[in-house]
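Asks: Pasting in a structure now, in structure tokens, and then I'll have a few things to ask.
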Amino acid sequence: MLRETSGPRSAARPSRPWQLTWLVASREIRLRVKTRVFVVTSVILLLAVALAVALPAILSGKRKPDRIGVVGGTTTTITSLITEAGRASGGQALAVSEPSLATAEAALRKGDLSAVLVPGQEIIVNQVPLGGVTGSVATLQQLAGLAKLIQTVPGAAQAVAHGVALPVRGLEPPKASLSSRLTGLFTVIIVWILISTYGSQIALGIGEEKSSRVVEVLLSSVRPVQLLIGKVLGIGLLALAQAVAMVVVFIVAGFASGSDLVHGATLGVVIVGGVFIILGYAFYCTAFAAAGSLVSRQSDVNSTIMPVQLPLILAYALSYTVIYANGANTFYHVLGFLPPTAPIAMTVLYASGDVPVWQVVVAAALTAVGTVWMARIAVRIYANSILKTGPRISFRQAIRESRRA
Amino acid sequence: MTSAELEIDGLRRRYGTVTALDGLTFGVPAGQVFGFLGPNGAGKTTTMRAIFGVTALDAGEIRWRGQPVDEAARRTFGYMPEERGLYPAMMLFDQVEYFARLHGMDAAAAAKAAGYWIDRLGLSGRGRTRVDALSHGNQQRAQLAVALVHDPELLVLDEPFSGLDPGGIDDMSSILAERAAEGVTVLFSSHQLDLVEDLCEAVAIIYRGRLVVAGAVADLRRGDHPRLAVRVAGDRTAAWSAGVGSAVASVESIRTDGTAEIALTNSADSQAILDLARAAGAVEHFAFEDRSLSEVFRVATGASVGQAEAEHAAASRTTSVTTGAGL
């Protein structure tokens, strides 16, 4: 056959299916990584994570002990009283000996002291707050008064020095520490943000391919399933990279600031969260793709992805009731095992200590099975809808037609 | 037609109650510009989509060089769909290169080919422009670049001339002719039968999902009975033509200006007819005339292209079935 000599020669060779899938995926990655929006949102997210972890630790570390001036010099009893007042109010208080009332008041005015104790008489502060004094000064006010009252009782001072507060004992130990719960909350926020952000990017990207009609050119050389997998793979890798970066920042910032959040059991929560981010993305990515394939105009995408997001919203909204309570109700337990809600609900249940590890494993396995099931339906809907123009196709119609096809 | 390189064999496709393809069969010879013609709704887009596996068939087979078309074969095909589409926010060069790679070219070859075709189609310097920032005409060229970049052996273009100005039609047809001259088989569709009759060597004309007629354009336009158009001065009704013997020729119609259209058999003597006309008066016009392709269509189907399209449009309004093919 006569072939031209002027143009570049055809280098068209048979490609393996995964090569085409990877080409599609790498286009998705390059397209997004280059944009300013991606860079800016990534930086903001990572900063937010770093701040969320480090800020409480830094703030609590910076709280200086209250310096309480004692007029006429300190005694063991008074020092113990002041130390106990600090501990009982959840902070720290330090006794400072002051030779006279005048020097004590001068130091109070300068801000070197938080309060001045004139034993047996009064407590002086620079200015009495409208609601009365708080913190260690308030506790000291009561302890010093109590001490004055019982001064006549032999040994009372020593008793006060050993602590006056009675211990509180719970019949059942708490299921998980607050830091574990907060890490769980933090993790499900990430799961929610990543799945809904990248999920809607999938739907929007597919809506764009459909509405611009470029999909017909694509499908002349790529099979629908390759196109779909390439797309969710590319966007998924970006989501994963962002999740890993956030976890790294979480751990680094946590250790650097000495935050409670990175100690002990909370690391397990982060790992469970990581597994469910991947499973959750895998479950939802194809559903978002199918939703995107139903529209003819990109502006319709928001309404078609709403039903896809509903289970996530439900699990996320209810997660607050579990985080801040001892024990989840049965309903939330059930959500923990359903593939659409498990990525959020099971992470929360694990973080709040409501489920043993084997239940987490069962939920993960169920979600993996659900992912395969969802992908099969979604690919059929996608392949069946992606070339249909005209009004928006309903989910019911799409499922019915995909069964026939 | 011998040695059809692309064979369309007995294609059938129904969408609900609508029959898009009803046993369509024809062949496209190698290295020709081949017109795939018919009114809107005849089944052209469905057929072209079927070539690329984009539309499933109920029955029938499409063969390329004797083998059923598979994915490997399709990668050597280039496609310009009726509804043009490119990634709007992607830069022209990236886009053309991407499609080259999807057709199996390696990165270096894809970049080289993208650069070549962007220059070749007059888009030099636009490689870094977003596609949606290109003018309408340049977007058409970009679409063509995407279809050509991997140097396909079969080029399939759905309505490539629609929406083009006369200059654009000339450019497009010269590129198609050039590709065919270099051995590429070019199949393009059009519902404007007469517009493209000079642009292709052979055609297949279809209607209601079935082949009406196929063959070389010259043969189809001449027909089995060459047409003679004769006008005698002052004879507005061509009364003279009553004397034409029906054994060798027949009067097909009489135009409003008095020109008689006479179909001749092979054995007919055109000079005898000239003599007959001359005897009636001064002969103003005497010439062999080819039929237009739309007339070939009308004679073969009994309906004009316009009627066929109106009928299709009416049917589309009464059925809610989505055929997937745009109007």
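Residue numbering restarts at 1 in every chain; chains get A, B, ... in the order shown in the structure tokens, and ligands count up from 1 in that same order.
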Could you pull out the strand (DSSP E) residues of region 107-314 of chain B from DSSP and send them as a PyMOL selection string?
Replies: chain B and resi 154-157+185-190+202-207+210-216+227-232+249-254+260-264+283-289
Asks: For Thr341 (chain A), find every residue with an atom within 8 Å (counting only C-alpha atoms), except residues of its own chain fewer than 4 positions away, and show them as a list in words.
Replies: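 Here the qualifying residues turn out to be Pro311, Leu312, Leu314, Ala315, Leu335, Gly336, Phe337, Ala345 and Met346 of chain A.
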Asks: Using only N, CA and C atoms, please write the residues we just selected to a file, as a PDB file, in the first residue's frame.
Replies:
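So part21.pdb came out as:
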```pdb
ATOM      1  N   PRO A 311     -25.635   8.849  52.556  1.00  0.00           N
ATOM      2  CA  PRO A 311     -25.198   7.975  53.651  1.00  0.00           C
ATOM      3  C   PRO A 311     -23.995   8.543  54.406  1.00  0.00           C
ATOM      4  N   LEU A 312     -23.084   9.162  53.655  1.00  0.00           N
ATOM      5  CA  LEU A 312     -21.912   9.751  54.286  1.00  0.00           C
ATOM      6  C   LEU A 312     -22.315  10.873  55.239  1.00  0.00           C
ATOM      7  N   LEU A 314     -25.167  11.285  56.709  1.00  0.00           N
ATOM      8  CA  LEU A 314     -25.851  10.707  57.867  1.00  0.00           C
ATOM      9  C   LEU A 314     -24.833  10.214  58.895  1.00  0.00           C
ATOM     10  N   ALA A 315     -23.879   9.392  58.437  1.00  0.00           N
ATOM     11  CA  ALA A 315     -22.902   8.814  59.361  1.00  0.00           C
ATOM     12  C   ALA A 315     -22.053   9.900  59.998  1.00  0.00           C
ATOM     13  N   LEU A 335     -24.901   1.015  61.433  1.00  0.00           N
ATOM     14  CA  LEU A 335     -24.265   1.822  60.378  1.00  0.00           C
ATOM     15  C   LEU A 335     -22.796   1.437  60.204  1.00  0.00           C
ATOM     16  N   GLY A 336     -22.182   1.031  61.303  1.00  0.00           N
ATOM     17  CA  GLY A 336     -20.770   0.658  61.256  1.00  0.00           C
ATOM     18  C   GLY A 336     -20.492  -0.542  60.378  1.00  0.00           C
ATOM     19  N   PHE A 337     -21.530  -1.348  60.105  1.00  0.00           N
ATOM     20  CA  PHE A 337     -21.305  -2.544  59.295  1.00  0.00           C
ATOM     21  C   PHE A 337     -21.846  -2.423  57.876  1.00  0.00           C
ATOM     22  N   ALA A 345     -18.644   5.484  60.150  1.00  0.00           N
ATOM     23  CA  ALA A 345     -19.214   5.012  61.408  1.00  0.00           C
ATOM     24  C   ALA A 345     -18.270   4.056  62.138  1.00  0.00           C
ATOM     25  N   MET A 346     -17.604   3.139  61.397  1.00  0.00           N
ATOM     26  CA  MET A 346     -16.750   2.174  62.089  1.00  0.00           C
ATOM     27  C   MET A 346     -15.506   2.856  62.657  1.00  0.00           C
TER      28      MET A 346
END
```
Asks: Residues of chain B were defined as contacting chain A if any atom lay at most 6 Å from it, counting only C-alpha atoms; please report them as a PyMOL selection string.
Replies: chain B and resi 52+72+75+85-86+103-105+113+150-151+182-183+324
Asks: Selection from above, N, CA and C atoms, as a compact mmCIF listing (two decimals), in the first residue's frame, can you write it?
Replies:
```txt
# COMPACT_ATOMS: atom_id res chain seq x y z
N PHE B 52 -16.69 1.82 15.72
CA PHE B 52 -15.78 2.02 16.84
C PHE B 52 -16.24 1.28 18.10
N ALA B 72 -7.48 -3.76 18.52
CA ALA B 72 -6.20 -3.47 17.87
C ALA B 72 -6.44 -2.76 16.55
N ARG B 75 -7.47 0.88 16.94
CA ARG B 75 -6.41 1.83 17.28
C ARG B 75 -5.73 2.38 16.03
N GLY B 85 -16.09 17.15 20.04
CA GLY B 85 -15.81 17.28 21.46
C GLY B 85 -14.35 17.14 21.76
N LEU B 86 -13.84 18.07 22.54
CA LEU B 86 -12.48 18.00 23.06
C LEU B 86 -12.55 18.47 24.51
N HIS B 103 -3.84 6.09 21.28
CA HIS B 103 -3.82 5.18 20.14
C HIS B 103 -2.55 4.37 20.09
N GLY B 104 -1.78 4.38 21.17
CA GLY B 104 -0.66 3.47 21.28
C GLY B 104 0.69 4.05 20.91
N MET B 105 0.78 5.34 20.60
CA MET B 105 2.08 5.91 20.27
C MET B 105 2.87 6.14 21.56
N ALA B 113 4.25 13.86 16.48
CA ALA B 113 3.08 13.85 15.60
C ALA B 113 2.13 15.00 15.93
N HIS B 150 -2.51 10.01 14.89
CA HIS B 150 -1.83 8.71 14.96
C HIS B 150 -1.71 8.08 13.59
N ASP B 151 -1.88 8.88 12.54
CA ASP B 151 -1.72 8.43 11.17
C ASP B 151 -2.57 7.20 10.89
N GLU B 182 -2.54 9.06 -0.14
CA GLU B 182 -1.45 8.40 0.57
C GLU B 182 -1.84 7.03 1.09
N GLY B 183 -2.97 6.55 0.63
CA GLY B 183 -3.34 5.17 0.91
C GLY B 183 -4.34 5.00 2.03
N GLY B 324 -29.38 7.73 21.19
CA GLY B 324 -27.97 8.01 21.41
C GLY B 324 -27.41 8.84 20.29
```
Asks: Show me, as a list of chain:residue names, the residues that have an atom within 10 Å of Ala89 (chain B) when counting only C-alpha atoms, minus same-chain residues fewer than 5 positions from it.
Replies: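 Those residues are A:Leu31, A:Glu208, B:Gln95, B:Thr129, B:Arg130, B:Val131, B:Asp132, B:Ala133.
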Asks: Near region 249-260 of chain B, counting only C-alpha atoms, which residues have an atom at most 10 Å away, once you skip same-chain residues fewer than 2 positions from it, shown as a PyMOL selection string?
Replies: chain B and resi 225-242+244-247+262-270+273+284-286
Asks: As a short mmCIF file (atom, residue, chain, number, x, y, z; two decimals) with C-alpha atoms, in the first residue's frame, list the residues of region 111-217 of chain B assigned to helix (DSSP H, G or I) by DSSP on the backbone atoms of this structure.
Replies:
```cif
data_model
loop_
_atom_site.label_atom_id
_atom_site.label_comp_id
_atom_site.auth_asym_id
_atom_site.auth_seq_id
_atom_site.Cartn_x
_atom_site.Cartn_y
_atom_site.Cartn_z
CA ALA B 111 4.77 14.71 20.77
CA LYS B 112 6.33 14.77 17.31
CA ALA B 113 3.08 13.85 15.60
CA ALA B 114 1.09 16.39 17.61
CA GLY B 115 3.52 19.13 16.60
CA TYR B 116 3.40 18.03 12.98
CA TRP B 117 -0.39 18.01 12.70
CA ILE B 118 -0.87 21.25 14.58
CA ASP B 119 1.44 22.94 12.07
CA ARG B 120 0.01 21.05 9.11
CA VAL B 131 -9.09 24.53 23.27
CA ASP B 132 -12.09 26.57 24.41
CA ALA B 133 -10.14 29.74 23.64
CA HIS B 136 -14.88 27.81 16.06
CA GLY B 137 -12.99 27.12 12.85
CA ASN B 138 -9.80 26.34 14.74
CA GLN B 139 -11.65 24.00 17.06
CA GLN B 140 -12.77 22.08 13.98
CA ARG B 141 -9.14 21.86 12.88
CA ALA B 142 -8.14 20.71 16.35
CA GLN B 143 -10.77 17.98 16.12
CA LEU B 144 -9.36 16.90 12.78
CA ALA B 145 -5.84 16.91 14.23
CA VAL B 146 -7.04 14.53 16.96
CA ALA B 147 -8.49 12.21 14.30
CA LEU B 148 -5.32 12.31 12.19
CA PRO B 166 -16.90 27.33 1.55
CA GLY B 167 -13.22 27.89 2.30
CA GLY B 168 -13.38 25.37 5.13
CA ILE B 169 -15.09 22.83 2.87
CA ASP B 170 -12.27 23.22 0.33
CA ASP B 171 -9.61 22.77 3.03
CA MET B 172 -11.32 19.74 4.47
CA SER B 173 -11.86 18.05 1.12
CA SER B 174 -8.26 18.65 0.05
CA ILE B 175 -7.01 17.08 3.27
CA LEU B 176 -9.29 14.07 2.76
CA ALA B 177 -8.13 13.72 -0.85
CA GLU B 178 -4.52 13.99 0.24
CA ARG B 179 -4.99 11.29 2.88
CA ALA B 180 -6.64 9.01 0.34
CA ALA B 181 -3.81 9.64 -2.11
CA VAL B 217 -20.34 8.64 -8.10
#
```
Asks: Excluding region 60-68 of chain B and residues on its chain fewer than 6 positions from it, collect all residues at most 9 Å away from it, counting only C-alpha atoms, and give them as a list in words.
Replies: Ser3, Ala4, Glu5, Leu6, Glu7, Ile8, Asp9, Gly10, Leu11, Arg12, Arg13, Gly23, Leu24, Thr25, Ala50 and Ile51 of chain B
Asks: Just the selected residues (C-alpha atoms), exported as a compact mmCIF listing (two decimals), in the first residue's frame, please.
Replies:
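Writing done, so here's out08.txt:
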```
# COMPACT_ATOMS: atom_id res chain seq x y z
CA SER B 3 -11.73 -5.73 -2.59
CA ALA B 4 -13.65 -3.73 -0.03
CA GLU B 5 -11.23 -2.95 2.76
CA LEU B 6 -13.97 -2.07 5.23
CA GLU B 7 -17.05 -4.29 5.05
CA ILE B 8 -20.32 -3.37 6.67
CA ASP B 9 -22.29 -6.59 6.73
CA GLY B 10 -25.92 -6.92 7.69
CA LEU B 11 -25.96 -4.45 10.59
CA ARG B 12 -29.11 -4.38 12.68
CA ARG B 13 -29.86 -2.16 15.62
CA GLY B 23 -29.61 -5.10 7.62
CA LEU B 24 -27.26 -2.44 6.29
CA THR B 25 -24.58 -3.82 4.00
CA ALA B 50 -20.71 0.74 15.54
CA ILE B 51 -17.41 0.78 13.64
```
Asks: Hey, what's within 8 Å of region 191-201 of chain B if we count only C-alpha atoms and toss same-chain stuff fewer than 3 positions away? As a list in words, please?
Replies: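 Here the qualifying residues turn out to be Gln32, Val33, Phe34, Gly35, Leu37, Gly38, Pro39, Asn40, Glu159, Ser173, Ala216, Val217, Ala218, Ser292, Leu293 and Ser294 of chain B.
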Asks: Kindly save the residues from that selection, with C-alpha atoms included, as a PDB file, in the first residue's frame.
Replies:
```pdb
ATOM      1  CA  GLN B  32     -10.690   6.146  -1.637  1.00  0.00           C
ATOM      2  CA  VAL B  33     -12.667   9.057  -0.345  1.00  0.00           C
ATOM      3  CA  PHE B  34     -15.990   7.343   0.227  1.00  0.00           C
ATOM      4  CA  GLY B  35     -19.194   9.235   0.918  1.00  0.00           C
ATOM      5  CA  LEU B  37     -24.877   9.577   2.461  1.00  0.00           C
ATOM      6  CA  GLY B  38     -28.479   9.711   3.475  1.00  0.00           C
ATOM      7  CA  PRO B  39     -31.026  11.978   5.077  1.00  0.00           C
ATOM      8  CA  ASN B  40     -30.850  12.738   8.784  1.00  0.00           C
ATOM      9  CA  GLU B 159     -20.576  15.069   8.893  1.00  0.00           C
ATOM     10  CA  SER B 173     -11.855  18.046   1.119  1.00  0.00           C
ATOM     11  CA  ALA B 216     -18.869   5.157  -8.076  1.00  0.00           C
ATOM     12  CA  VAL B 217     -20.335   8.644  -8.103  1.00  0.00           C
ATOM     13  CA  ALA B 218     -19.879   8.989 -11.860  1.00  0.00           C
ATOM     14  CA  SER B 292     -27.748  14.861  -8.876  1.00  0.00           C
ATOM     15  CA  LEU B 293     -27.303  12.383  -6.015  1.00  0.00           C
ATOM     16  CA  SER B 294     -30.425  13.673  -4.325  1.00  0.00           C
TER      17      SER B 294
END
```
Asks: Give me the residues near Gly353 (chain A) as a list in words, where near means some atom within 7 Å (using only C-alpha atoms) and where sequence neighbours in that chain fewer than 2 positions away do not count.
Replies: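 These residues fall inside the cut-off: Lys175, Ala176, Leu349, Tyr350, Ala351 and Val355 of chain A.
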Asks: Output the selection as a PDB file, in the first residue's frame - C-alpha atoms for each residue.
Replies:
```pdb
ATOM      1  CA  LYS A 175     -13.954   2.987  77.006  1.00  0.00           C
ATOM      2  CA  ALA A 176     -11.515   5.282  75.289  1.00  0.00           C
ATOM      3  CA  LEU A 349     -16.961   3.383  66.886  1.00  0.00           C
ATOM      4  CA  TYR A 350     -13.381   2.152  67.071  1.00  0.00           C
ATOM      5  CA  ALA A 351     -12.095   5.533  68.263  1.00  0.00           C
ATOM      6  CA  VAL A 355     -16.119  -2.123  69.118  1.00  0.00           C
TER       7      VAL A 355
END
```
